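Q: My structure is in entry_19.pdb, and what it holds is PDB, C-alpha atoms:
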```pdb
ATOM      1  CA  MET L   1     -10.815 -50.169  12.031  1.00  0.00           C
ATOM      2  CA  ILE L   2      -9.409 -51.941   9.019  1.00  0.00           C
ATOM      3  CA  LEU L   3      -5.683 -52.579   8.792  1.00  0.00           C
ATOM      4  CA  TYR L   4      -4.414 -52.058   5.248  1.00  0.00           C
ATOM      5  CA  PRO L   5      -0.988 -53.675   4.804  1.00  0.00           C
ATOM      6  CA  ALA L   6       0.919 -51.750   2.163  1.00  0.00           C
ATOM      7  CA  ILE L   7       2.618 -53.117  -0.914  1.00  0.00           C
ATOM      8  CA  ASP L   8       4.589 -50.289  -2.515  1.00  0.00           C
ATOM      9  CA  LEU L   9       5.807 -51.228  -5.974  1.00  0.00           C
ATOM     10  CA  LYS L  10       9.044 -49.981  -7.511  1.00  0.00           C
ATOM     11  CA  ASP L  11      10.512 -51.684 -10.569  1.00  0.00           C
ATOM     12  CA  GLY L  12       8.240 -54.681  -9.988  1.00  0.00           C
ATOM     13  CA  GLN L  13       9.432 -55.238  -6.424  1.00  0.00           C
ATOM     14  CA  CYS L  14       7.822 -54.697  -3.048  1.00  0.00           C
ATOM     15  CA  VAL L  15       9.691 -51.832  -1.373  1.00  0.00           C
ATOM     16  CA  ARG L  16       9.358 -49.125   1.257  1.00  0.00           C
ATOM     17  CA  LEU L  17      10.636 -45.593   0.868  1.00  0.00           C
ATOM     18  CA  LEU L  18      11.856 -43.200   3.531  1.00  0.00           C
ATOM     19  CA  LYS L  19       9.753 -40.020   3.510  1.00  0.00           C
ATOM     20  CA  GLY L  20       8.818 -40.617  -0.117  1.00  0.00           C
ATOM     21  CA  GLU L  21      12.380 -40.491  -1.449  1.00  0.00           C
ATOM     22  CA  MET L  22      12.749 -42.876  -4.399  1.00  0.00           C
ATOM     23  CA  ASP L  23      16.493 -43.195  -3.850  1.00  0.00           C
ATOM     24  CA  LYS L  24      15.883 -44.370  -0.294  1.00  0.00           C
ATOM     25  CA  ALA L  25      14.057 -47.590  -1.135  1.00  0.00           C
ATOM     26  CA  THR L  26      14.421 -50.848   0.770  1.00  0.00           C
ATOM     27  CA  VAL L  27      13.377 -54.010  -1.077  1.00  0.00           C
ATOM     28  CA  PHE L  28      11.338 -56.330   1.131  1.00  0.00           C
ATOM     29  CA  ASN L  29      10.089 -58.852  -1.401  1.00  0.00           C
ATOM     30  CA  ASP L  30      10.773 -59.411  -5.087  1.00  0.00           C
ATOM     31  CA  ASP L  31       7.495 -61.341  -5.445  1.00  0.00           C
ATOM     32  CA  PRO L  32       4.601 -58.944  -4.723  1.00  0.00           C
ATOM     33  CA  ALA L  33       1.972 -61.608  -5.399  1.00  0.00           C
ATOM     34  CA  ALA L  34       3.503 -63.892  -2.764  1.00  0.00           C
ATOM     35  CA  GLN L  35       3.518 -60.980  -0.323  1.00  0.00           C
ATOM     36  CA  ALA L  36      -0.156 -60.339  -1.024  1.00  0.00           C
ATOM     37  CA  ARG L  37      -0.984 -64.008  -0.419  1.00  0.00           C
ATOM     38  CA  ALA L  38       0.856 -63.845   2.911  1.00  0.00           C
ATOM     39  CA  PHE L  39      -1.219 -60.851   3.979  1.00  0.00           C
ATOM     40  CA  GLU L  40      -4.416 -62.629   3.004  1.00  0.00           C
ATOM     41  CA  ALA L  41      -3.365 -65.774   4.866  1.00  0.00           C
ATOM     42  CA  ALA L  42      -2.715 -63.696   7.985  1.00  0.00           C
ATOM     43  CA  GLY L  43      -6.331 -62.526   7.973  1.00  0.00           C
ATOM     44  CA  CYS L  44      -6.102 -59.095   6.370  1.00  0.00           C
ATOM     45  CA  GLN L  45      -9.346 -57.818   4.842  1.00  0.00           C
ATOM     46  CA  TRP L  46      -7.798 -55.381   2.343  1.00  0.00           C
ATOM     47  CA  ILE L  47      -4.479 -54.639   0.656  1.00  0.00           C
ATOM     48  CA  HIS L  48      -3.156 -51.164  -0.097  1.00  0.00           C
ATOM     49  CA  LEU L  49      -1.094 -50.891  -3.295  1.00  0.00           C
ATOM     50  CA  VAL L  50       1.025 -48.011  -4.572  1.00  0.00           C
ATOM     51  CA  ASP L  51       2.646 -47.793  -8.000  1.00  0.00           C
ATOM     52  CA  LEU L  52       5.616 -45.651  -6.984  1.00  0.00           C
ATOM     53  CA  ASN L  53       7.090 -45.412 -10.474  1.00  0.00           C
ATOM     54  CA  GLY L  54       3.644 -44.532 -11.780  1.00  0.00           C
ATOM     55  CA  ALA L  55       3.263 -41.677  -9.312  1.00  0.00           C
ATOM     56  CA  PHE L  56       6.293 -39.992 -10.872  1.00  0.00           C
ATOM     57  CA  ALA L  57       5.574 -41.006 -14.463  1.00  0.00           C
ATOM     58  CA  GLY L  58       1.929 -39.964 -14.354  1.00  0.00           C
ATOM     59  CA  GLN L  59       0.786 -43.299 -15.759  1.00  0.00           C
ATOM     60  CA  PRO L  60       0.789 -46.935 -14.611  1.00  0.00           C
ATOM     61  CA  VAL L  61       4.249 -48.533 -14.630  1.00  0.00           C
ATOM     62  CA  ASN L  62       3.925 -51.574 -12.354  1.00  0.00           C
ATOM     63  CA  ALA L  63       0.792 -52.931 -14.029  1.00  0.00           C
ATOM     64  CA  ALA L  64       2.149 -56.475 -14.331  1.00  0.00           C
ATOM     65  CA  ALA L  65       2.891 -56.648 -10.616  1.00  0.00           C
ATOM     66  CA  VAL L  66      -0.531 -55.261  -9.709  1.00  0.00           C
ATOM     67  CA  GLU L  67      -2.277 -57.719 -11.988  1.00  0.00           C
ATOM     68  CA  SER L  68      -0.327 -60.603 -10.475  1.00  0.00           C
ATOM     69  CA  ILE L  69      -1.515 -59.524  -7.025  1.00  0.00           C
ATOM     70  CA  LEU L  70      -5.138 -59.275  -8.155  1.00  0.00           C
ATOM     71  CA  SER L  71      -4.903 -62.791  -9.592  1.00  0.00           C
ATOM     72  CA  ALA L  72      -3.290 -64.167  -6.428  1.00  0.00           C
ATOM     73  CA  VAL L  73      -5.748 -63.063  -3.744  1.00  0.00           C
ATOM     74  CA  GLY L  74      -9.469 -62.926  -3.107  1.00  0.00           C
ATOM     75  CA  ILE L  75      -9.513 -59.939  -0.765  1.00  0.00           C
ATOM     76  CA  PRO L  76     -10.115 -56.439  -2.164  1.00  0.00           C
ATOM     77  CA  ALA L  77      -7.246 -54.135  -3.072  1.00  0.00           C
ATOM     78  CA  GLN L  78      -6.951 -50.385  -3.559  1.00  0.00           C
ATOM     79  CA  LEU L  79      -4.307 -48.751  -5.758  1.00  0.00           C
ATOM     80  CA  GLY L  80      -2.784 -45.307  -6.051  1.00  0.00           C
ATOM     81  CA  GLY L  81       0.027 -43.867  -8.141  1.00  0.00           C
ATOM     82  CA  GLY L  82      -0.155 -42.415 -11.635  1.00  0.00           C
ATOM     83  CA  ILE L  83      -3.933 -42.702 -12.044  1.00  0.00           C
ATOM     84  CA  ARG L  84      -4.818 -39.396 -13.642  1.00  0.00           C
ATOM     85  CA  ASP L  85      -7.499 -39.929 -16.306  1.00  0.00           C
ATOM     86  CA  MET L  86     -10.842 -41.660 -16.653  1.00  0.00           C
ATOM     87  CA  ALA L  87      -9.559 -44.300 -19.060  1.00  0.00           C
ATOM     88  CA  THR L  88      -6.966 -45.477 -16.529  1.00  0.00           C
ATOM     89  CA  ILE L  89      -9.556 -45.495 -13.747  1.00  0.00           C
ATOM     90  CA  GLU L  90     -11.923 -47.588 -15.826  1.00  0.00           C
ATOM     91  CA  ARG L  91      -9.183 -49.968 -16.907  1.00  0.00           C
ATOM     92  CA  TRP L  92      -8.032 -50.683 -13.368  1.00  0.00           C
ATOM     93  CA  LEU L  93     -11.535 -51.197 -12.030  1.00  0.00           C
ATOM     94  CA  GLU L  94     -12.280 -53.568 -14.902  1.00  0.00           C
ATOM     95  CA  LYS L  95      -9.150 -55.552 -14.010  1.00  0.00           C
ATOM     96  CA  GLY L  96     -10.500 -56.215 -10.540  1.00  0.00           C
ATOM     97  CA  LEU L  97      -9.364 -53.422  -8.268  1.00  0.00           C
ATOM     98  CA  ALA L  98     -11.952 -52.653  -5.636  1.00  0.00           C
ATOM     99  CA  ARG L  99     -10.906 -49.023  -5.356  1.00  0.00           C
ATOM    100  CA  VAL L 100      -8.594 -46.529  -7.042  1.00  0.00           C
ATOM    101  CA  ILE L 101      -6.914 -43.680  -5.205  1.00  0.00           C
ATOM    102  CA  LEU L 102      -6.690 -40.273  -6.860  1.00  0.00           C
ATOM    103  CA  GLY L 103      -4.096 -37.904  -5.430  1.00  0.00           C
ATOM    104  CA  THR L 104      -2.489 -35.493  -7.867  1.00  0.00           C
ATOM    105  CA  VAL L 105      -5.674 -35.025  -9.880  1.00  0.00           C
ATOM    106  CA  ALA L 106      -7.585 -34.223  -6.700  1.00  0.00           C
ATOM    107  CA  VAL L 107      -5.592 -30.983  -6.716  1.00  0.00           C
ATOM    108  CA  GLU L 108      -5.135 -30.445 -10.436  1.00  0.00           C
ATOM    109  CA  ASP L 109      -8.454 -31.738 -11.807  1.00  0.00           C
ATOM    110  CA  PRO L 110     -11.018 -32.087  -8.996  1.00  0.00           C
ATOM    111  CA  GLU L 111     -13.862 -32.416 -11.488  1.00  0.00           C
ATOM    112  CA  LEU L 112     -12.362 -35.707 -12.681  1.00  0.00           C
ATOM    113  CA  VAL L 113     -12.627 -37.013  -9.119  1.00  0.00           C
ATOM    114  CA  ARG L 114     -16.251 -35.972  -8.957  1.00  0.00           C
ATOM    115  CA  THR L 115     -17.049 -37.531 -12.335  1.00  0.00           C
ATOM    116  CA  ALA L 116     -15.329 -40.773 -11.400  1.00  0.00           C
ATOM    117  CA  ALA L 117     -17.075 -40.939  -8.027  1.00  0.00           C
ATOM    118  CA  ARG L 118     -20.450 -40.567  -9.741  1.00  0.00           C
ATOM    119  CA  ALA L 119     -19.583 -43.189 -12.343  1.00  0.00           C
ATOM    120  CA  PHE L 120     -18.151 -45.691  -9.845  1.00  0.00           C
ATOM    121  CA  PRO L 121     -19.900 -45.291  -6.481  1.00  0.00           C
ATOM    122  CA  GLY L 122     -17.873 -46.562  -3.554  1.00  0.00           C
ATOM    123  CA  ARG L 123     -14.794 -47.226  -5.670  1.00  0.00           C
ATOM    124  CA  ILE L 124     -12.990 -43.874  -5.711  1.00  0.00           C
ATOM    125  CA  ALA L 125     -10.781 -42.659  -2.865  1.00  0.00           C
ATOM    126  CA  VAL L 126      -8.871 -39.386  -2.570  1.00  0.00           C
ATOM    127  CA  GLY L 127      -5.269 -39.409  -1.434  1.00  0.00           C
ATOM    128  CA  VAL L 128      -4.380 -36.369   0.654  1.00  0.00           C
ATOM    129  CA  ASP L 129      -0.597 -36.416   1.042  1.00  0.00           C
ATOM    130  CA  ALA L 130       0.765 -33.593   3.159  1.00  0.00           C
ATOM    131  CA  ARG L 131       4.117 -32.260   4.295  1.00  0.00           C
ATOM    132  CA  GLY L 132       3.853 -29.699   7.064  1.00  0.00           C
ATOM    133  CA  GLY L 133       0.094 -29.604   6.565  1.00  0.00           C
ATOM    134  CA  LYS L 134       0.373 -28.661   2.871  1.00  0.00           C
ATOM    135  CA  VAL L 135      -0.501 -31.080   0.063  1.00  0.00           C
ATOM    136  CA  ALA L 136       2.258 -32.484  -2.158  1.00  0.00           C
ATOM    137  CA  THR L 137       1.574 -33.985  -5.584  1.00  0.00           C
ATOM    138  CA  ARG L 138       3.274 -35.917  -8.406  1.00  0.00           C
ATOM    139  CA  GLY L 139       4.895 -38.552  -6.263  1.00  0.00           C
ATOM    140  CA  TRP L 140       5.253 -36.033  -3.417  1.00  0.00           C
ATOM    141  CA  ALA L 141       7.840 -34.201  -5.535  1.00  0.00           C
ATOM    142  CA  GLU L 142       5.824 -30.984  -5.955  1.00  0.00           C
ATOM    143  CA  GLU L 143       4.688 -28.807  -3.072  1.00  0.00           C
ATOM    144  CA  THR L 144       1.422 -26.872  -3.180  1.00  0.00           C
ATOM    145  CA  ASP L 145      -0.064 -24.178  -0.983  1.00  0.00           C
ATOM    146  CA  VAL L 146      -3.247 -26.232  -0.529  1.00  0.00           C
ATOM    147  CA  ASP L 147      -4.095 -27.133   3.055  1.00  0.00           C
ATOM    148  CA  ALA L 148      -4.856 -30.825   3.654  1.00  0.00           C
ATOM    149  CA  VAL L 149      -8.174 -30.182   5.394  1.00  0.00           C
ATOM    150  CA  THR L 150      -9.232 -27.711   2.708  1.00  0.00           C
ATOM    151  CA  LEU L 151      -8.580 -30.287  -0.005  1.00  0.00           C
ATOM    152  CA  ALA L 152     -10.514 -33.005   1.811  1.00  0.00           C
ATOM    153  CA  ARG L 153     -13.502 -30.698   2.319  1.00  0.00           C
ATOM    154  CA  ARG L 154     -13.694 -30.004  -1.419  1.00  0.00           C
ATOM    155  CA  PHE L 155     -14.973 -33.531  -1.923  1.00  0.00           C
ATOM    156  CA  GLU L 156     -17.463 -33.585   0.939  1.00  0.00           C
ATOM    157  CA  ASP L 157     -20.409 -33.863  -1.450  1.00  0.00           C
ATOM    158  CA  ALA L 158     -18.670 -35.815  -4.215  1.00  0.00           C
ATOM    159  CA  GLY L 159     -19.486 -39.322  -3.029  1.00  0.00           C
ATOM    160  CA  VAL L 160     -15.886 -40.512  -2.631  1.00  0.00           C
ATOM    161  CA  ALA L 161     -15.440 -43.699  -0.620  1.00  0.00           C
ATOM    162  CA  ALA L 162     -12.553 -42.555   1.563  1.00  0.00           C
ATOM    163  CA  ILE L 163      -9.863 -39.991   2.234  1.00  0.00           C
ATOM    164  CA  ILE L 164      -6.403 -41.524   2.650  1.00  0.00           C
ATOM    165  CA  TYR L 165      -4.352 -39.082   4.680  1.00  0.00           C
ATOM    166  CA  THR L 166      -0.577 -39.481   4.631  1.00  0.00           C
ATOM    167  CA  ASP L 167       1.855 -37.407   6.656  1.00  0.00           C
ATOM    168  CA  ILE L 168       4.840 -37.556   4.281  1.00  0.00           C
ATOM    169  CA  ASP L 169       7.428 -36.657   6.915  1.00  0.00           C
ATOM    170  CA  ARG L 170       6.354 -39.678   8.952  1.00  0.00           C
ATOM    171  CA  ASP L 171       6.131 -42.145   6.073  1.00  0.00           C
ATOM    172  CA  GLY L 172       8.601 -44.994   6.332  1.00  0.00           C
ATOM    173  CA  ALA L 173      10.427 -43.247   9.178  1.00  0.00           C
ATOM    174  CA  MET L 174       9.110 -45.492  11.970  1.00  0.00           C
ATOM    175  CA  ALA L 175       8.582 -42.324  14.029  1.00  0.00           C
ATOM    176  CA  GLY L 176       4.896 -42.743  14.824  1.00  0.00           C
ATOM    177  CA  PRO L 177       1.858 -41.328  13.036  1.00  0.00           C
ATOM    178  CA  ASN L 178       0.630 -37.757  13.232  1.00  0.00           C
ATOM    179  CA  VAL L 179      -2.360 -38.665  15.384  1.00  0.00           C
ATOM    180  CA  ALA L 180      -3.462 -35.085  16.048  1.00  0.00           C
ATOM    181  CA  ALA L 181      -3.504 -34.046  12.381  1.00  0.00           C
ATOM    182  CA  THR L 182      -5.222 -37.266  11.339  1.00  0.00           C
ATOM    183  CA  ALA L 183      -7.911 -36.891  13.989  1.00  0.00           C
ATOM    184  CA  ALA L 184      -8.440 -33.233  13.070  1.00  0.00           C
ATOM    185  CA  LEU L 185      -8.946 -34.143   9.426  1.00  0.00           C
ATOM    186  CA  ALA L 186     -11.372 -36.910  10.323  1.00  0.00           C
ATOM    187  CA  ARG L 187     -13.406 -34.514  12.447  1.00  0.00           C
ATOM    188  CA  ALA L 188     -13.471 -31.940   9.645  1.00  0.00           C
ATOM    189  CA  VAL L 189     -15.183 -34.191   7.097  1.00  0.00           C
ATOM    190  CA  SER L 190     -17.906 -36.828   7.022  1.00  0.00           C
ATOM    191  CA  ILE L 191     -15.958 -38.918   4.492  1.00  0.00           C
ATOM    192  CA  PRO L 192     -14.304 -42.006   6.020  1.00  0.00           C
ATOM    193  CA  VAL L 193     -10.613 -41.335   6.727  1.00  0.00           C
ATOM    194  CA  ILE L 194      -7.782 -43.859   6.492  1.00  0.00           C
ATOM    195  CA  ALA L 195      -4.553 -42.954   8.319  1.00  0.00           C
ATOM    196  CA  SER L 196      -1.127 -43.467   6.774  1.00  0.00           C
ATOM    197  CA  GLY L 197       2.469 -42.612   7.547  1.00  0.00           C
ATOM    198  CA  GLY L 198       4.746 -43.545  10.428  1.00  0.00           C
ATOM    199  CA  VAL L 199       2.740 -46.343  12.043  1.00  0.00           C
ATOM    200  CA  SER L 200       5.481 -48.373  13.734  1.00  0.00           C
ATOM    201  CA  SER L 201       4.024 -50.194  16.741  1.00  0.00           C
ATOM    202  CA  LEU L 202       0.916 -51.635  18.314  1.00  0.00           C
ATOM    203  CA  GLU L 203       0.862 -48.525  20.507  1.00  0.00           C
ATOM    204  CA  ASP L 204       0.611 -46.374  17.373  1.00  0.00           C
ATOM    205  CA  LEU L 205      -2.340 -48.440  16.200  1.00  0.00           C
ATOM    206  CA  ARG L 206      -3.983 -48.122  19.609  1.00  0.00           C
ATOM    207  CA  ALA L 207      -3.452 -44.348  19.589  1.00  0.00           C
ATOM    208  CA  LEU L 208      -5.159 -44.023  16.215  1.00  0.00           C
ATOM    209  CA  ARG L 209      -7.962 -46.365  17.208  1.00  0.00           C
ATOM    210  CA  ASP L 210      -8.624 -44.365  20.375  1.00  0.00           C
ATOM    211  CA  CYS L 211      -7.937 -40.859  19.012  1.00  0.00           C
ATOM    212  CA  GLY L 212     -11.536 -39.750  19.485  1.00  0.00           C
ATOM    213  CA  ALA L 213     -12.263 -39.479  15.771  1.00  0.00           C
ATOM    214  CA  ALA L 214     -14.001 -42.186  13.773  1.00  0.00           C
ATOM    215  CA  LEU L 215     -11.157 -43.417  11.585  1.00  0.00           C
ATOM    216  CA  ASP L 216     -12.072 -46.042   9.008  1.00  0.00           C
ATOM    217  CA  GLY L 217      -8.678 -47.684   8.833  1.00  0.00           C
ATOM    218  CA  VAL L 218      -4.909 -47.445   8.981  1.00  0.00           C
ATOM    219  CA  ILE L 219      -2.155 -48.286   6.507  1.00  0.00           C
ATOM    220  CA  SER L 220       1.140 -49.787   7.619  1.00  0.00           C
ATOM    221  CA  GLY L 221       4.079 -51.069   5.624  1.00  0.00           C
ATOM    222  CA  ARG L 222       7.644 -50.989   6.906  1.00  0.00           C
ATOM    223  CA  ALA L 223       6.720 -51.890  10.499  1.00  0.00           C
ATOM    224  CA  ILE L 224       4.984 -55.049   9.321  1.00  0.00           C
ATOM    225  CA  TYR L 225       7.900 -56.068   7.115  1.00  0.00           C
ATOM    226  CA  ASP L 226      10.450 -55.307   9.837  1.00  0.00           C
ATOM    227  CA  GLY L 227       8.462 -57.277  12.408  1.00  0.00           C
ATOM    228  CA  ALA L 228       7.917 -54.228  14.620  1.00  0.00           C
ATOM    229  CA  ILE L 229       4.190 -54.893  14.280  1.00  0.00           C
ATOM    230  CA  ASP L 230       2.941 -58.436  14.744  1.00  0.00           C
ATOM    231  CA  LEU L 231       0.226 -58.735  12.120  1.00  0.00           C
ATOM    232  CA  PRO L 232      -2.169 -61.098  13.966  1.00  0.00           C
ATOM    233  CA  ALA L 233      -1.869 -58.991  17.125  1.00  0.00           C
ATOM    234  CA  ALA L 234      -2.529 -55.814  15.136  1.00  0.00           C
ATOM    235  CA  LEU L 235      -5.634 -57.284  13.533  1.00  0.00           C
ATOM    236  CA  ARG L 236      -6.959 -58.316  16.943  1.00  0.00           C
ATOM    237  CA  LEU L 237      -6.248 -54.886  18.399  1.00  0.00           C
ATOM    238  CA  LEU L 238      -8.096 -53.009  15.677  1.00  0.00           C
ATOM    239  CA  SER L 239     -11.085 -55.330  15.865  1.00  0.00           C
ATOM    240  CA  GLU L 240     -11.570 -54.932  19.631  1.00  0.00           C
ATOM    241  CA  ARG L 241     -13.572 -51.741  19.605  1.00  0.00           C
ATOM    242  CA  GLN L 242     -15.714 -52.944  16.714  1.00  0.00           C
ATOM    243  CA  ASP L 243     -16.579 -56.094  18.635  1.00  0.00           C
ATOM    244  CA  ALA L 244     -17.143 -54.380  21.963  1.00  0.00           C
TER
END
```
Please express what this file holds, its structure, as structure tokens.
A:
Amino acid sequence: MILYPAIDLKDGQCVRLLKGEMDKATVFNDDPAAQARAFEAAGCQWIHLVDLNGAFAGQPVNAAAVESILSAVGIPAQLGGGIRDMATIERWLEKGLARVILGTVAVEDPELVRTAARAFPGRIAVGVDARGGKVATRGWAEETDVDAVTLARRFEDAGVAAIIYTDIDRDGAMAGPNVAATAALARAVSIPVIASGGVSSLEDLRALRDCGAALDGVISGRAIYDGAIDLPAALRLLSERQDA
């Protein structure tokens, strides 16, 4: 499994939210590029980026911070937040992102996801963000009646690179991931699934690694910044089964 350390961007700073609430942001670093370099130096293979302002605005807002990260590191990065049209997808991929994450448009314009996945094989991921099993969109501010598994299955034949599943109620709360729901989603689709939300300890990482479903990776943010997860130890833990 790949560990994706998260850099969530709000007003150009590296922050973490509590359950997706913008007014509950904790600033962890005012230099996102330096944070990205630290993750690379620790041995991380990928970086997960979120433009929080962009998710609400519906267009990129923290572009300067993202570009500074892309210039600072050599490892691949994926970005979500406010990417809702083909021009924005193309622009970000041209700037050096390895993968873009489409969330809101996966619900509102699924054909765009399919078109993008055909145009950019291996570089389009779908973000499935759920509260109580139901998908939320537009920066998690709008609830839908779409079931998370149902949404993921819609893209089974689309050629997307990954499904990033976030349990919103767990995100940033340090309460542990929703292992059962994540495993169920991974079993329901053949698309690689990346777990997100609530990962707060090495035990959480072990539980996801050994959940019985073939997860592709896991995203963690606050626990790494707080020191609850030792990054080198986490990387070793997630590599064990692959090396066995």
Q: Which is closer to L:Gly58 than all the others in L:Ile2, L:Ile83, L:Leu9, L:Val149, using all atoms listed in the file?
A: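 For L:Gly58, the nearest of the candidates is L:Ile83.
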Q: Atom CA of L:Ala98 to atom CA of L:Ser200: how many Å, to one decimal?
A: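 Those two atoms sit 26.4 Å apart.
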Q: Which residue gives the smallest distance to L:Cys44 among L:Val73, L:Ala64, L:Ala161, L:Leu235, with all atoms listed in the file counted?
A: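 Using all atoms listed in the file, the shortest distance to L:Cys44 belongs to L:Leu235.
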Q: Separation of atom CA of L:Pro110 and atom CA of L:Ala152, in Å?
A: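 Spanning atom CA of L:Pro110 to atom CA of L:Ala152 is a straight-line distance of 10.9 Å.
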Q: Neighbouring residues of L:Pro60 were defined as those with any atom within 9 Å, considering all atoms listed in the file; residues of the same chain fewer than 5 positions away were excluded. Please report them as a list in words.
A: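 What passes the distance filter is Asp51, Asn53, Gly54, Ala55, Gly81, Gly82, Ile83 and Thr88 of chain L.
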Q: Suppose we keep C-alpha atoms; can you now write the selection as a tab-separated table (two decimals), in the frame of the given file?
A:
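Output (out-v6.tsv):
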```
chain	number	residue	atom	x	y	z
L	51	ASP	CA	2.65	-47.79	-8.00
L	53	ASN	CA	7.09	-45.41	-10.47
L	54	GLY	CA	3.64	-44.53	-11.78
L	55	ALA	CA	3.26	-41.68	-9.31
L	81	GLY	CA	0.03	-43.87	-8.14
L	82	GLY	CA	-0.16	-42.42	-11.64
L	83	ILE	CA	-3.93	-42.70	-12.04
L	88	THR	CA	-6.97	-45.48	-16.53
```
Q: So how far away is atom CA of L:Leu185 from atom CA of L:Ala106, in Å?
A: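 Separation between atom CA of L:Ala106 and atom CA of L:Leu185: 16.2 Å.
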Q: Residues picked by the PyMOL selection byres ((chain L and resi 102) around 8) here, as an MDAnalysis selection string?
A: chainID L and resid 80:81 83:84 100:101 103:106 113 124:127
Q: Residues of stretch 206-237 of chain L that approach stretch 175-178 of chain L to 12 Å or less, counting only C-alpha atoms: could you list each one with the shortest pair of atoms and its distance in Å to one decimal, rows by chain and increasing residue number, as JSON lines?
A:
```
{"residue": "L:Arg206", "atom": "CA", "partner": "L:Pro177", "partner_atom": "CA", "distance": 11.1}
{"residue": "L:Ala207", "atom": "CA", "partner": "L:Pro177", "partner_atom": "CA", "distance": 9.0}
{"residue": "L:Leu208", "atom": "CA", "partner": "L:Pro177", "partner_atom": "CA", "distance": 8.2}
{"residue": "L:Arg209", "atom": "CA", "partner": "L:Pro177", "partner_atom": "CA", "distance": 11.8}
{"residue": "L:Cys211", "atom": "CA", "partner": "L:Asn178", "partner_atom": "CA", "distance": 10.8}
{"residue": "L:Val218", "atom": "CA", "partner": "L:Pro177", "partner_atom": "CA", "distance": 10.0}
{"residue": "L:Ile219", "atom": "CA", "partner": "L:Pro177", "partner_atom": "CA", "distance": 10.4}
{"residue": "L:Ser220", "atom": "CA", "partner": "L:Pro177", "partner_atom": "CA", "distance": 10.1}
{"residue": "L:Arg222", "atom": "CA", "partner": "L:Ala175", "partner_atom": "CA", "distance": 11.3}
{"residue": "L:Ala223", "atom": "CA", "partner": "L:Gly176", "partner_atom": "CA", "distance": 10.3}
{"residue": "L:Ala228", "atom": "CA", "partner": "L:Gly176", "partner_atom": "CA", "distance": 11.9}
```
Q: Neighbouring residues of L:Asn29 were defined as those with any atom within 8 Å, considering all atoms listed in the file; residues of the same chain fewer than 3 positions away were excluded. Please report them as a PyMOL selection string.
A: chain L and resi 13-15+32+35
Q: Starting from the point (-14.8, -33.1, -6.8), work out which residues of protein, DNA or RNA have an atom no more than 7 Å away when counting only C-alpha atoms; state them as a list in words.
A: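 Residues found, by chain and rising number: Pro110, Glu111, Leu112, Val113, Arg114, Arg154, Phe155 and Ala158 of chain L.
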Q: Need to verify the contact set: stretch 67-70 of chain L, 9 Å, all atoms listed in the file, exclusion of same-chain residues closer than 2 positions in sequence. Can you return it as a compact mmCIF listing (two decimals) with C-alpha atoms, in the frame of the given file?
A:
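Final output, saved to around_0.txt:
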```txt
# COMPACT_ATOMS: atom_id res chain seq x y z
CA PRO L 32 4.60 -58.94 -4.72
CA ALA L 33 1.97 -61.61 -5.40
CA ALA L 34 3.50 -63.89 -2.76
CA GLN L 35 3.52 -60.98 -0.32
CA ALA L 36 -0.16 -60.34 -1.02
CA ARG L 37 -0.98 -64.01 -0.42
CA ASN L 62 3.92 -51.57 -12.35
CA ALA L 63 0.79 -52.93 -14.03
CA ALA L 64 2.15 -56.48 -14.33
CA ALA L 65 2.89 -56.65 -10.62
CA ALA L 72 -3.29 -64.17 -6.43
CA VAL L 73 -5.75 -63.06 -3.74
CA GLY L 74 -9.47 -62.93 -3.11
CA ILE L 75 -9.51 -59.94 -0.76
CA PRO L 76 -10.12 -56.44 -2.16
CA ALA L 77 -7.25 -54.14 -3.07
CA LYS L 95 -9.15 -55.55 -14.01
CA GLY L 96 -10.50 -56.22 -10.54
CA LEU L 97 -9.36 -53.42 -8.27
```
Q: Take the PyMOL selection byres ((chain L and resi 182) around 9), run it mentally on this structure, and tell me the resulting residues as a PDB file with C-alpha atoms, keeping the file's coordinate frame.
A:
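Here's the written file result14.pdb:
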```pdb
ATOM      1  CA  TYR L 165      -4.352 -39.082   4.680  1.00  0.00           C
ATOM      2  CA  THR L 166      -0.577 -39.481   4.631  1.00  0.00           C
ATOM      3  CA  ASP L 167       1.855 -37.407   6.656  1.00  0.00           C
ATOM      4  CA  PRO L 177       1.858 -41.328  13.036  1.00  0.00           C
ATOM      5  CA  ASN L 178       0.630 -37.757  13.232  1.00  0.00           C
ATOM      6  CA  VAL L 179      -2.360 -38.665  15.384  1.00  0.00           C
ATOM      7  CA  ALA L 180      -3.462 -35.085  16.048  1.00  0.00           C
ATOM      8  CA  ALA L 181      -3.504 -34.046  12.381  1.00  0.00           C
ATOM      9  CA  ALA L 183      -7.911 -36.891  13.989  1.00  0.00           C
ATOM     10  CA  ALA L 184      -8.440 -33.233  13.070  1.00  0.00           C
ATOM     11  CA  LEU L 185      -8.946 -34.143   9.426  1.00  0.00           C
ATOM     12  CA  ALA L 186     -11.372 -36.910  10.323  1.00  0.00           C
ATOM     13  CA  ARG L 187     -13.406 -34.514  12.447  1.00  0.00           C
ATOM     14  CA  VAL L 193     -10.613 -41.335   6.727  1.00  0.00           C
ATOM     15  CA  ILE L 194      -7.782 -43.859   6.492  1.00  0.00           C
ATOM     16  CA  ALA L 195      -4.553 -42.954   8.319  1.00  0.00           C
ATOM     17  CA  SER L 196      -1.127 -43.467   6.774  1.00  0.00           C
ATOM     18  CA  LEU L 208      -5.159 -44.023  16.215  1.00  0.00           C
ATOM     19  CA  CYS L 211      -7.937 -40.859  19.012  1.00  0.00           C
ATOM     20  CA  ALA L 213     -12.263 -39.479  15.771  1.00  0.00           C
ATOM     21  CA  LEU L 215     -11.157 -43.417  11.585  1.00  0.00           C
TER      22      LEU L 215
END
```
Q: Show me, as JSON, the centre and edge lengths in Å to one decimal of the axis-aligned box that covers every listed atom of stretch 204-214 of chain L with 8 Å on each side.
A:
```
{"center_x": -6.7, "center_y": -44.0, "center_z": 17.1, "size_x": 30.6, "size_y": 25.0, "size_z": 22.6}
```
